Every structure is written in C-alpha cells, then in structure tokens.
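upload-v5.csv follows; it contains CSV, C-alpha atoms and all ligand atoms.
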```csv
chain,number,residue,atom,x,y,z
A,1,MET,CA,67.7,89.7,-18.7
A,2,GLY,CA,67.1,89.7,-22.5
A,3,ARG,CA,66.4,92.7,-24.6
A,4,VAL,CA,63.6,93.4,-27.1
A,5,PHE,CA,64.4,94.2,-30.8
A,6,VAL,CA,61.5,95.3,-33.0
A,7,ALA,CA,61.9,95.4,-36.7
A,8,GLY,CA,58.8,97.2,-38.0
A,9,SER,CA,56.7,100.1,-39.1
A,10,ILE,CA,56.5,103.6,-37.8
A,11,ASN,CA,53.5,105.7,-38.8
A,12,MET,CA,51.8,108.9,-38.0
A,13,ASP,CA,48.2,108.1,-37.3
A,14,VAL,CA,45.7,110.7,-38.6
A,15,VAL,CA,42.6,109.9,-36.6
A,16,ALA,CA,39.0,111.1,-37.4
A,17,THR,CA,36.5,110.5,-34.6
A,18,ALA,CA,32.8,110.2,-35.4
A,19,ASP,CA,29.6,108.9,-33.8
A,20,ARG,CA,29.5,106.1,-36.3
A,21,HIS,CA,31.5,104.7,-39.3
A,22,PRO,CA,30.3,105.8,-42.7
A,23,ARG,CA,29.0,103.1,-45.1
A,24,VAL,CA,30.7,102.8,-48.5
A,25,GLY,CA,29.8,105.9,-50.5
A,26,GLU,CA,28.4,107.7,-47.5
A,27,THR,CA,29.7,110.9,-45.8
A,28,VAL,CA,29.2,111.4,-42.1
A,29,ALA,CA,30.1,114.5,-39.9
A,30,GLY,CA,33.2,113.9,-37.8
A,31,LYS,CA,33.9,115.3,-34.3
A,32,GLN,CA,37.7,115.7,-34.1
A,33,VAL,CA,40.9,115.1,-36.1
A,34,LEU,CA,43.8,113.9,-34.0
A,35,TYR,CA,47.5,113.1,-34.7
A,36,PHE,CA,49.0,110.1,-32.7
A,37,PRO,CA,52.3,108.3,-33.1
A,38,GLY,CA,51.5,104.8,-34.4
A,39,GLY,CA,52.6,102.0,-36.6
A,40,LYS,CA,52.5,98.4,-35.4
A,41,GLY,CA,56.3,98.2,-35.0
A,42,ALA,CA,56.6,101.5,-33.1
A,43,ASN,CA,53.6,100.7,-30.9
A,44,GLN,CA,55.1,97.3,-29.9
A,45,ALA,CA,58.4,99.0,-29.2
A,46,VAL,CA,56.8,101.7,-27.0
A,47,ALA,CA,54.8,99.1,-25.1
A,48,ALA,CA,57.9,97.0,-24.4
A,49,SER,CA,60.0,100.0,-23.4
A,50,ARG,CA,57.3,101.5,-21.1
A,51,LEU,CA,56.9,98.1,-19.5
A,52,GLY,CA,60.6,98.0,-18.6
A,53,ALA,CA,62.4,96.2,-21.4
A,54,THR,CA,65.6,97.5,-23.0
A,55,THR,CA,64.1,98.0,-26.5
A,56,THR,CA,65.6,98.8,-29.9
A,57,LEU,CA,63.5,99.7,-32.9
A,58,ILE,CA,64.7,99.0,-36.4
A,59,GLY,CA,62.9,100.9,-39.2
A,60,ARG,CA,62.8,103.9,-41.4
A,61,LEU,CA,61.4,107.4,-41.3
A,62,GLY,CA,61.0,110.1,-44.0
A,63,GLU,CA,62.9,113.4,-43.9
A,64,ASP,CA,59.7,115.3,-43.2
A,65,SER,CA,57.9,116.8,-40.2
A,66,PHE,CA,56.0,113.5,-39.3
A,67,GLY,CA,59.4,111.8,-39.2
A,68,ALA,CA,60.9,114.4,-36.9
A,69,GLU,CA,57.8,114.3,-34.5
A,70,LEU,CA,57.9,110.5,-34.4
A,71,ARG,CA,61.6,110.3,-33.7
A,72,ALA,CA,61.2,112.8,-30.8
A,73,PHE,CA,58.2,110.8,-29.4
A,74,LEU,CA,59.9,107.4,-29.6
A,75,GLY,CA,63.1,108.7,-28.1
A,76,ALA,CA,61.2,110.2,-25.2
A,77,GLN,CA,59.7,106.7,-24.5
A,78,GLY,CA,63.2,105.3,-24.0
A,79,VAL,CA,63.3,103.4,-27.3
A,80,ASP,CA,66.8,103.0,-28.8
A,81,LEU,CA,66.6,104.5,-32.2
A,82,SER,CA,70.1,103.9,-33.4
A,83,PHE,CA,68.8,101.5,-36.1
A,84,VAL,CA,66.1,103.9,-37.3
A,85,ARG,CA,67.3,105.5,-40.5
A,86,ASP,CA,66.0,108.7,-42.1
A,87,THR,CA,65.5,108.4,-45.9
A,88,ALA,CA,64.5,111.0,-48.5
A,89,GLU,CA,63.2,108.3,-50.9
A,90,ALA,CA,59.7,108.3,-49.5
A,91,HIS,CA,57.4,110.0,-47.0
A,92,THR,CA,57.0,108.8,-43.4
A,93,GLY,CA,54.4,106.0,-43.1
A,94,THR,CA,51.0,107.3,-42.5
A,95,ALA,CA,47.7,105.7,-41.3
A,96,ILE,CA,44.3,107.2,-41.9
A,97,ILE,CA,42.1,106.0,-39.1
A,98,THR,CA,38.4,106.4,-38.3
A,99,VAL,CA,37.4,105.8,-34.7
A,100,ALA,CA,33.7,105.4,-33.8
A,101,GLN,CA,32.1,103.6,-30.8
A,102,ALA,CA,35.6,102.5,-29.8
A,103,ASP,CA,36.1,100.5,-33.0
A,104,ASN,CA,38.4,101.6,-35.9
A,105,THR,CA,39.0,101.2,-39.6
A,106,ILE,CA,42.5,101.8,-40.8
A,107,VAL,CA,44.1,102.6,-44.2
A,108,VAL,CA,47.9,102.4,-44.1
A,109,ILE,CA,50.2,104.1,-46.6
A,110,PRO,CA,53.6,102.4,-46.1
A,111,GLY,CA,55.9,105.2,-47.3
A,112,THR,CA,59.4,104.6,-45.8
A,113,ASN,CA,58.2,101.4,-44.1
A,114,GLY,CA,58.2,99.7,-47.5
A,115,LEU,CA,61.9,100.6,-47.8
A,116,VAL,CA,63.1,98.7,-44.7
A,117,ARG,CA,65.6,96.3,-46.2
A,118,THR,CA,67.6,93.3,-45.2
A,119,GLU,CA,70.7,95.5,-44.6
A,120,ASP,CA,68.7,97.5,-42.0
A,121,VAL,CA,68.3,94.3,-39.8
A,122,GLY,CA,71.7,92.8,-40.7
A,123,ALA,CA,73.6,94.7,-38.0
A,124,ALA,CA,71.1,94.1,-35.1
A,125,PRO,CA,73.2,93.0,-32.1
A,126,LEU,CA,71.0,90.1,-31.1
A,127,SER,CA,72.1,87.5,-28.6
A,128,LYS,CA,70.7,84.6,-26.6
A,129,GLY,CA,67.8,85.6,-24.4
A,130,ASP,CA,66.7,88.5,-26.6
A,131,ILE,CA,63.3,88.6,-28.3
A,132,ALA,CA,63.2,89.6,-32.0
A,133,VAL,CA,59.7,91.0,-32.8
A,134,SER,CA,58.1,91.8,-36.2
A,135,GLN,CA,54.8,92.3,-38.0
A,136,PHE,CA,53.6,92.6,-41.6
A,137,GLU,CA,54.0,96.4,-42.2
A,138,ILE,CA,57.6,96.0,-43.6
A,139,PRO,CA,58.7,93.7,-46.5
A,140,LEU,CA,58.6,90.0,-45.8
A,141,PRO,CA,62.1,89.3,-47.1
A,142,THR,CA,63.4,91.8,-44.4
A,143,ILE,CA,61.5,89.9,-41.7
A,144,ALA,CA,62.9,86.6,-42.9
A,145,ALA,CA,66.5,88.0,-42.8
A,146,PHE,CA,65.9,89.4,-39.3
A,147,TYR,CA,64.6,86.1,-38.0
A,148,GLN,CA,67.5,84.2,-39.6
A,149,ARG,CA,69.9,86.5,-37.8
A,150,ALA,CA,67.9,85.9,-34.6
A,151,ARG,CA,68.1,82.2,-35.0
A,152,THR,CA,71.9,82.3,-35.5
A,153,ALA,CA,72.2,84.4,-32.4
A,154,HIS,CA,69.9,81.9,-30.4
A,155,ALA,CA,67.4,84.7,-29.8
A,156,THR,CA,63.6,84.0,-29.7
A,157,THR,CA,61.5,85.1,-32.7
A,158,LEU,CA,58.0,86.5,-32.2
A,159,LEU,CA,55.8,87.3,-35.2
A,160,ASN,CA,52.5,89.2,-35.2
A,161,PRO,CA,51.3,88.5,-38.8
A,162,ALA,CA,49.2,91.7,-39.0
A,163,PRO,CA,47.8,93.1,-41.2
A,164,ALA,CA,46.9,89.6,-42.3
A,165,GLN,CA,48.4,88.2,-45.5
A,166,THR,CA,49.4,84.7,-46.5
A,167,PHE,CA,53.1,83.9,-46.2
A,168,SER,CA,55.5,81.1,-46.9
A,169,HIS,CA,56.0,78.0,-44.8
A,170,ASP,CA,59.7,78.9,-44.7
A,171,LEU,CA,59.0,82.1,-42.8
A,172,LEU,CA,56.5,80.4,-40.5
A,173,ALA,CA,59.2,77.8,-39.7
A,174,LEU,CA,61.5,80.7,-38.4
A,175,VAL,CA,58.9,81.8,-35.8
A,176,ASP,CA,59.1,80.6,-32.2
A,177,VAL,CA,56.1,82.5,-30.9
A,178,LEU,CA,53.2,83.4,-33.3
A,179,VAL,CA,50.7,86.0,-31.9
A,180,LEU,CA,47.5,86.6,-34.0
A,181,ASN,CA,43.8,87.1,-33.6
A,182,GLU,CA,41.1,84.7,-34.8
A,183,THR,CA,40.6,86.4,-38.1
A,184,GLU,CA,44.3,86.3,-38.9
A,185,LEU,CA,44.4,82.6,-37.8
A,186,GLY,CA,41.5,81.8,-40.1
A,187,LEU,CA,43.2,83.4,-43.1
A,188,LEU,CA,46.4,81.6,-42.5
A,189,ALA,CA,44.7,78.3,-42.0
A,190,GLY,CA,42.3,78.8,-44.9
A,191,VAL,CA,39.2,78.4,-42.7
A,192,GLU,CA,36.5,80.9,-41.7
A,193,LEU,CA,36.8,81.9,-38.1
A,194,SER,CA,34.9,84.6,-36.2
A,195,ASP,CA,34.8,86.0,-32.7
A,196,GLY,CA,31.8,83.7,-32.0
A,197,ASP,CA,33.7,80.5,-32.5
A,198,ASP,CA,34.3,78.4,-29.4
A,199,VAL,CA,37.8,78.1,-28.0
A,200,ALA,CA,38.1,74.3,-28.8
A,201,ARG,CA,37.6,75.0,-32.5
A,202,ILE,CA,40.1,77.9,-32.4
A,203,ILE,CA,42.7,75.7,-30.7
A,204,ALA,CA,42.1,72.9,-33.2
A,205,VAL,CA,42.7,75.3,-36.1
A,206,ALA,CA,45.9,76.6,-34.5
A,207,ARG,CA,47.1,73.1,-33.9
A,208,GLY,CA,46.9,72.5,-37.6
A,209,LEU,CA,49.1,75.5,-38.3
A,210,GLN,CA,51.8,74.7,-35.7
A,211,VAL,CA,55.0,73.8,-37.7
A,212,SER,CA,56.6,71.9,-34.7
A,213,PRO,CA,55.7,71.1,-31.1
A,214,ASP,CA,58.3,73.8,-30.0
A,215,GLN,CA,56.3,76.5,-31.7
A,216,THR,CA,54.0,78.6,-29.4
A,217,ILE,CA,50.8,80.0,-31.0
A,218,CYS,CA,48.9,82.7,-29.0
A,219,ILE,CA,45.4,83.7,-30.3
A,220,THR,CA,44.1,87.0,-28.9
A,221,LEU,CA,40.3,87.0,-28.6
A,222,GLY,CA,39.6,90.6,-27.6
A,223,ARG,CA,37.2,90.7,-24.6
A,224,ARG,CA,37.3,86.9,-24.4
A,225,GLY,CA,41.1,87.0,-23.5
A,226,VAL,CA,43.8,84.8,-25.0
A,227,VAL,CA,44.4,81.2,-25.7
A,228,ALA,CA,47.8,79.6,-26.4
A,229,LEU,CA,49.2,76.4,-27.6
A,230,ALA,CA,52.7,75.7,-26.2
A,231,GLY,CA,53.9,72.3,-27.1
A,232,CYS,CA,51.1,70.0,-26.1
A,233,ASP,CA,49.8,72.4,-23.4
A,234,GLU,CA,46.8,74.6,-24.0
A,235,LEU,CA,46.6,77.8,-21.9
A,236,ILE,CA,43.5,79.9,-21.5
A,237,VAL,CA,43.7,83.4,-20.0
A,238,PRO,CA,40.3,85.1,-19.5
A,239,GLY,CA,39.7,88.7,-20.7
A,240,ARG,CA,39.3,91.7,-18.5
A,241,MET,CA,36.0,93.7,-18.8
A,242,VAL,CA,36.7,97.4,-19.3
A,243,GLN,CA,35.0,100.3,-20.9
A,244,ALA,CA,37.0,100.8,-24.2
A,245,VAL,CA,37.2,104.2,-25.9
A,246,ASP,CA,39.7,103.2,-28.7
A,247,THR,CA,41.0,99.7,-29.5
A,248,THR,CA,43.6,101.0,-31.9
A,249,GLY,CA,47.0,99.5,-31.0
A,250,ALA,CA,45.6,97.1,-28.4
A,251,GLY,CA,47.0,94.1,-30.2
A,252,ASP,CA,50.4,95.9,-30.5
A,253,CYS,CA,50.3,96.6,-26.7
A,254,PHE,CA,49.7,92.8,-26.1
A,255,VAL,CA,52.7,91.9,-28.4
A,256,GLY,CA,55.1,94.5,-26.9
A,257,ALA,CA,54.1,93.5,-23.3
A,258,LEU,CA,54.5,89.8,-24.1
A,259,ALA,CA,57.9,90.4,-25.6
A,260,ALA,CA,59.0,92.4,-22.6
A,261,GLN,CA,57.8,89.7,-20.2
A,262,LEU,CA,59.5,86.9,-22.2
A,263,ALA,CA,62.7,88.9,-22.3
A,264,ALA,CA,62.5,89.3,-18.5
A,265,GLY,CA,62.3,85.5,-18.2
A,266,SER,CA,58.6,85.2,-17.2
A,267,ALA,CA,56.8,81.9,-17.8
A,268,LEU,CA,54.4,81.9,-20.7
A,269,ARG,CA,51.2,81.8,-18.6
A,270,ALA,CA,52.3,84.7,-16.5
A,271,ALA,CA,53.5,86.6,-19.5
A,272,LEU,CA,50.1,86.2,-21.3
A,273,ALA,CA,48.2,87.3,-18.2
A,274,PHE,CA,50.4,90.4,-17.9
A,275,ALA,CA,50.1,91.2,-21.6
A,276,ASN,CA,46.3,90.8,-21.4
A,277,LYS,CA,46.1,93.3,-18.6
A,278,ALA,CA,48.4,95.7,-20.4
A,279,ALA,CA,46.1,95.7,-23.5
A,280,SER,CA,43.1,96.3,-21.3
A,281,VAL,CA,44.7,99.5,-20.0
A,282,SER,CA,45.6,100.7,-23.5
A,283,VAL,CA,42.0,100.4,-24.9
A,284,GLN,CA,40.8,102.9,-22.2
A,285,ARG,CA,42.8,105.7,-23.8
A,286,MET,CA,42.7,107.4,-27.2
A,287,GLY,CA,45.5,106.7,-29.7
A,288,ALA,CA,48.0,103.9,-30.3
A,289,GLY,CA,51.5,104.8,-29.2
A,290,PRO,CA,50.5,107.2,-26.4
A,291,SER,CA,48.0,104.7,-24.9
A,292,MET,CA,50.6,102.1,-24.0
A,293,PRO,CA,50.8,101.6,-20.2
A,294,THR,CA,53.7,101.7,-17.8
A,295,ALA,CA,54.8,98.7,-15.7
A,296,GLU,CA,53.4,100.4,-12.6
A,297,GLU,CA,49.9,100.7,-14.2
A,298,VAL,CA,49.8,97.1,-15.0
A,299,ALA,CA,51.3,96.0,-11.7
A,300,ALA,CA,48.4,97.9,-10.0
A,301,LEU,CA,46.0,95.4,-11.6
A,302,ILE,CA,47.7,92.3,-10.4
A,401,LIG,O1,47.8,98.4,-34.9
A,401,LIG,C1,47.5,99.7,-34.9
A,401,LIG,C2,48.4,100.4,-35.9
A,401,LIG,O2,48.1,99.9,-37.2
A,401,LIG,C3,48.1,101.9,-36.0
A,401,LIG,O3,48.9,102.6,-35.1
A,401,LIG,C4,48.4,102.2,-37.5
A,401,LIG,O4,49.5,103.0,-37.7
A,401,LIG,C5,48.6,100.9,-38.2
A,401,LIG,O5,49.9,100.6,-38.4
```

Now that the file is in, can you turn its structure into structure tokens?
Amino acid sequence: MGRVFVAGSINMDVVATADRHPRVGETVAGKQVLYFPGGKGANQAVAASRLGATTTLIGRLGEDSFGAELRAFLGAQGVDLSFVRDTAEAHTGTAIITVAQADNTIVVIPGTNGLVRTEDVGAAPLSKGDIAVSQFEIPLPTIAAFYQRARTAHATTLLNPAPAQTFSHDLLALVDVLVLNETELGLLAGVELSDGDDVARIIAVARGLQVSPDQTICITLGRRGVVALAGCDELIVPGRMVQAVDTTGAGDCFVGALAAQLAAGSALRAALAFANKAASVSVQRMGAGPSMPTAEEVAALI
C-alpha cells in the first residue's frame, strides 16, 4: 500500500455568499462571511487522508492565527504535518472567495505558499508505490525538484496544473498522471476549449499534449464526468447528477481521491469512478477542506 505526499498550498478561505456575483465595478449585498480551511494542496491532502490514505503534506504556514487554525484542522484530519514549516517571513496564504448560485470566483494571495522551496521537498521520504501530488499554488522550481525526487524513488507523480499557467516541457515530462479541466487543457495546448466541446475533440487535444504513451491525462468535465487517456486507451466515466451548493474544492477532492486510490493499487478506471463520486459528495457541502468526504460516504454510493 503506497502513501500520498502532497507538496502544495495551504490557505484560509474567506468566503462571501451572495445571491449573484457582482459585475466589474458593481457592489452587491452579501448574505454571510465564512472562514474555511482551503488551499489546493491542503484540500487534496485532506481528501486523500479522509479517504484512507496515509498522507503527508509539505508546505508552509505563517506565524499567525490563520496558520495556527489551519495546522489544528489539518492535524485533526489525520494529515501528517511534519513537513509543514511555520515561517515569520510572510502571512499564511489567504483566498478571497465569492460563492453565488453554487459557483465561485477566487482571488488567492500566496503569502507563505510562495516561500515553499526546493529544500522543503528535499527530505520527503518517498518510495516505490507512493504518489507525489502537486498543483500550481507553490513555485514551479519546487514542484520540479519534488518530482525529480519522486522519480529517483520510483514513486508516481501526479500534477494538477491549477490555477492554469503555461509551464515547461521539462516539467511536463516529469509527470506520470496529469489531472486538469478542459479550460486548463485548452490553455496548455494553445487552443480554445469550453465545457460545450465534445469528448472526441477534448481527447484529440489531450493526445497532442501527451509527452509519451506512458503518460496518463485525466480531463475533468464537471457534471459530464471525466475522460482519460492512458497509453492508447480512452476511458470515459459519466458524471453524477447532484444538487451542488458550492463547487469550491471539487477538483481538489477529485485529485486527492484519485491519489488515494492509486496509492491503494486500484486500476485507473475504478480510481476515476471513485474520485468522481467523491467530488460529487463534496459539491453538496459548503467550503473546501471541510467538504471532503470519508471513504464510508463514497462507498455508500457504489
Ligand atoms: O481549489 C479551491 C481552492 O483554491 C480554495 O480552497 C482556495 O484556497 C484556492 O486555493
């Protein structure tokens, strides 16, 4: 049984709820302000841990009250925090989120996440069978160093390139499993893709991005489910219709669940189906970190 190591961001999400999103330059009356543990890295680690994987998070927190609250929350979820350092150089990462009609807009202020360095990932005790997970809320050179270490240890690397930004072919070549949505895929491939594009077109674009036949690319399509390229195989897992209240962190739930399943030795199709169900549970609750399901909740859907 492998373990999950997540090198990534830890944020306090400051969430305003409203009936609708304001247009640029407009003010709307909100309903509530809520504080939720978040950050793509932390959310992925919480999902993996709640779903039964032995999970270690690598990152940085500020020496402030958000940092202390986040450390307490993550520890209570069973996430190993021995590689999460406190630093006085910056404030804890913070995300300002507006949620209206289940959709969100997010502004992230990186704070200490921008200080996660190659030496933070250098001591990660990765070994064969482990899954090394990252996303784009920590510096790219740190992610590259983490994956190089994972490759040396014969661990599997899983990248969620969100928030989307272009990155080097060298980093892409270090990725065994790429998990992204259609917008992120479009940006990386240099083509316009939207949630209305048919699956055949999305698969064709993903195939153009694949650096080798060994690389797996999973494209999450929200309500439409997920499609994946694994070698020459194309897998399609349909979505699950649910009443969403807040989609914040749903992609992170999918990534954490997929990592937990792969660490447990599940085949890709089963892992994707499980992760899809896990994400469908998370969108029915408010918040990112606290919305991640347990293994029992997902098992009840299978
Ligand atoms: O993916 C959702 C996450 O993005 C939020 O928790 C927020 O912190 C931002 O990092």

Item to check | Within 8 Å of ligand LIG 401 (chain A), counting all atoms listed in the file, residues as a ChimeraX atom specification | outcome: /A:9-13,36-41,43,93-97,106-108,137,162-163,248-252,287-289

Write out the residues from the selection above, keeping C-alpha atoms, as a PDB file, in the coordinates of the input.
```pdb
ATOM      1  CA  SER A   9      56.700 100.100 -39.100  1.00  0.00           C
ATOM      2  CA  ILE A  10      56.500 103.600 -37.800  1.00  0.00           C
ATOM      3  CA  ASN A  11      53.500 105.700 -38.800  1.00  0.00           C
ATOM      4  CA  MET A  12      51.800 108.900 -38.000  1.00  0.00           C
ATOM      5  CA  ASP A  13      48.200 108.100 -37.300  1.00  0.00           C
ATOM      6  CA  PHE A  36      49.000 110.100 -32.700  1.00  0.00           C
ATOM      7  CA  PRO A  37      52.300 108.300 -33.100  1.00  0.00           C
ATOM      8  CA  GLY A  38      51.500 104.800 -34.400  1.00  0.00           C
ATOM      9  CA  GLY A  39      52.600 102.000 -36.600  1.00  0.00           C
ATOM     10  CA  LYS A  40      52.500  98.400 -35.400  1.00  0.00           C
ATOM     11  CA  GLY A  41      56.300  98.200 -35.000  1.00  0.00           C
ATOM     12  CA  ASN A  43      53.600 100.700 -30.900  1.00  0.00           C
ATOM     13  CA  GLY A  93      54.400 106.000 -43.100  1.00  0.00           C
ATOM     14  CA  THR A  94      51.000 107.300 -42.500  1.00  0.00           C
ATOM     15  CA  ALA A  95      47.700 105.700 -41.300  1.00  0.00           C
ATOM     16  CA  ILE A  96      44.300 107.200 -41.900  1.00  0.00           C
ATOM     17  CA  ILE A  97      42.100 106.000 -39.100  1.00  0.00           C
ATOM     18  CA  ILE A 106      42.500 101.800 -40.800  1.00  0.00           C
ATOM     19  CA  VAL A 107      44.100 102.600 -44.200  1.00  0.00           C
ATOM     20  CA  VAL A 108      47.900 102.400 -44.100  1.00  0.00           C
ATOM     21  CA  GLU A 137      54.000  96.400 -42.200  1.00  0.00           C
ATOM     22  CA  ALA A 162      49.200  91.700 -39.000  1.00  0.00           C
ATOM     23  CA  PRO A 163      47.800  93.100 -41.200  1.00  0.00           C
ATOM     24  CA  THR A 248      43.600 101.000 -31.900  1.00  0.00           C
ATOM     25  CA  GLY A 249      47.000  99.500 -31.000  1.00  0.00           C
ATOM     26  CA  ALA A 250      45.600  97.100 -28.400  1.00  0.00           C
ATOM     27  CA  GLY A 251      47.000  94.100 -30.200  1.00  0.00           C
ATOM     28  CA  ASP A 252      50.400  95.900 -30.500  1.00  0.00           C
ATOM     29  CA  GLY A 287      45.500 106.700 -29.700  1.00  0.00           C
ATOM     30  CA  ALA A 288      48.000 103.900 -30.300  1.00  0.00           C
ATOM     31  CA  GLY A 289      51.500 104.800 -29.200  1.00  0.00           C
TER      32      GLY A 289
END
```

With all atoms listed in the file as the counted atoms, please give the residues lying no more than 6 Å from segment 63-75 of chain A, apart from itself and same-chain residues fewer than 6 positions off, as a PDB file with C-alpha atoms, keeping the file's coordinate frame.
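So the final result, stored in out-v8.pdb, reads:
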```
ATOM      1  CA  ASP A  86      66.000 108.700 -42.100  1.00  0.00           C
ATOM      2  CA  THR A  87      65.500 108.400 -45.900  1.00  0.00           C
ATOM      3  CA  ALA A  88      64.500 111.000 -48.500  1.00  0.00           C
ATOM      4  CA  THR A  92      57.000 108.800 -43.400  1.00  0.00           C
TER       5      THR A  92
END
```

Next on the checklist: Rounded to one decimal, what separation in Å do you get between atom CA of Leu262 of chain A and atom CA of Gly2 of chain A?
Outcome noted: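 Computing the Euclidean distance for atom CA of Leu262 of chain A and atom CA of Gly2 of chain A yields 8.1 Å.
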
Item to check | Which of A:Ile219, A:Val245, A:Thr105, A:Pro161 sits closest to Arg23 of chain A [using all atoms listed in the file] | outcome: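 So, comparing all the options, the nearest one is A:Thr105.
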
Item to check | Nearest to Phe83 of chain A, chosen from A:Pro139, A:Gly122, A:Pro238, A:Gly114, with all atoms listed in the file counted in the distances | outcome: A:Gly122

Next on the checklist: Residues near Val298 of chain A, anyone? I mean within 6 Å using only C-alpha atoms, not counting same-chain ones fewer than 3 positions away, as a PyMOL selection string.
Outcome noted: chain A and resi 278+295+301

Please produce a file of the residues just selected, as a compact mmCIF listing (two decimals), in the frame of the given file, where the atoms kept are C-alpha atoms.
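The new file part-v4.txt reads:
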```
# COMPACT_ATOMS: atom_id res chain seq x y z
CA ALA A 278 48.40 95.70 -20.40
CA ALA A 295 54.80 98.70 -15.70
CA LEU A 301 46.00 95.40 -11.60
```

Next on the checklist: Please list as a list in words every residue within 10 Å of Thr152 of chain A, counting only C-alpha atoms and excluding residues in the same chain fewer than 4 positions away.
Outcome noted: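 Residues meeting the cut-off are Leu126, Ser127, Lys128, Tyr147 and Gln148 of chain A.
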
Item to check | Nearest to Thr98 of chain A by atom-to-atom distance, counting only C-alpha atoms, from A:Thr247, A:Gln44, A:Gln261, A:Thr220 | outcome: A:Thr247

Checklist entry - Could you state the separation of atom CA of Leu34 of chain A and atom CA of Ala102 of chain A in Å, given to one decimal place? => result 14.7 Å

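What separates atom CA of Gln135 of chain A from atom CA of Asp170 of chain A is a distance of 15.8 Å.
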
Residue neighbourhood Gln243 of chain A, 12 Å, all atoms listed in the file, exclusion window fewer than 4 positions, as a PDB file with C-alpha atoms, in the frame of the given file:
```pdb
ATOM      1  CA  GLN A 101      32.100 103.600 -30.800  1.00  0.00           C
ATOM      2  CA  ALA A 102      35.600 102.500 -29.800  1.00  0.00           C
ATOM      3  CA  ARG A 223      37.200  90.700 -24.600  1.00  0.00           C
ATOM      4  CA  THR A 247      41.000  99.700 -29.500  1.00  0.00           C
ATOM      5  CA  SER A 280      43.100  96.300 -21.300  1.00  0.00           C
ATOM      6  CA  VAL A 281      44.700  99.500 -20.000  1.00  0.00           C
ATOM      7  CA  SER A 282      45.600 100.700 -23.500  1.00  0.00           C
ATOM      8  CA  VAL A 283      42.000 100.400 -24.900  1.00  0.00           C
ATOM      9  CA  GLN A 284      40.800 102.900 -22.200  1.00  0.00           C
ATOM     10  CA  ARG A 285      42.800 105.700 -23.800  1.00  0.00           C
TER      11      ARG A 285
END
```

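Using only C-alpha atoms, the shortest contact distance between Val242 of chain A and any of A:Pro141, A:Gly25, A:Gly256, A:Gly222 is found at A:Gly222.
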
Item to check | Within 9 Å of segment 181-187 of chain A using only C-alpha atoms, minus same-chain residues under 3 positions, as a list of chain:residue names | outcome: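 Returned residues: A:Pro161, A:Ala162, A:Pro163, A:Ala164, A:Gln165, A:Thr166, A:Gly190, A:Val191, A:Glu192, A:Leu193, A:Ser194, A:Asp195, A:Asp197, A:Ile202, A:Val205, A:Ala206, A:Leu209, A:Cys218, A:Ile219, A:Thr220, A:Leu221, A:Gly222, A:Val226, A:Gly251.
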
Next on the checklist: Under the rule that only C-alpha atoms are counted, which of A:Thr157, A:Ala7, A:Gln210, A:Ala53 is the nearest residue to Val177 of chain A?
Outcome noted: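 That would be A:Thr157, the residue with the smallest distance to Val177 of chain A.
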
Checklist entry - At a cut-off of 6 Å from (54.3, 79.9, -29.1) in the coordinates of the file, what residues are picked up using all atoms listed in the file, written as a VMD selection string? => result chain A and resid 176 to 178 215 to 217 230

Filtering to C-alpha atoms, could you give me those residues as an mmCIF file, in the frame of the given file?
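Output contents, as saved in selection24.cif:
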```
data_model
loop_
_atom_site.group_PDB
_atom_site.id
_atom_site.type_symbol
_atom_site.label_atom_id
_atom_site.label_comp_id
_atom_site.auth_asym_id
_atom_site.auth_seq_id
_atom_site.Cartn_x
_atom_site.Cartn_y
_atom_site.Cartn_z
ATOM 1 C CA ASP A 176 59.100 80.600 -32.200
ATOM 2 C CA VAL A 177 56.100 82.500 -30.900
ATOM 3 C CA LEU A 178 53.200 83.400 -33.300
ATOM 4 C CA GLN A 215 56.300 76.500 -31.700
ATOM 5 C CA THR A 216 54.000 78.600 -29.400
ATOM 6 C CA ILE A 217 50.800 80.000 -31.000
ATOM 7 C CA ALA A 230 52.700 75.700 -26.200
#
```

Checklist entry - Around (44.0, 82.3, -23.0) in the file's own coordinates, what residues are found within 10 Å if you use all atoms listed in the file, given back as a ChimeraX atom specification? => result /A:199,218-221,224-229,234-239,269,272-273,276
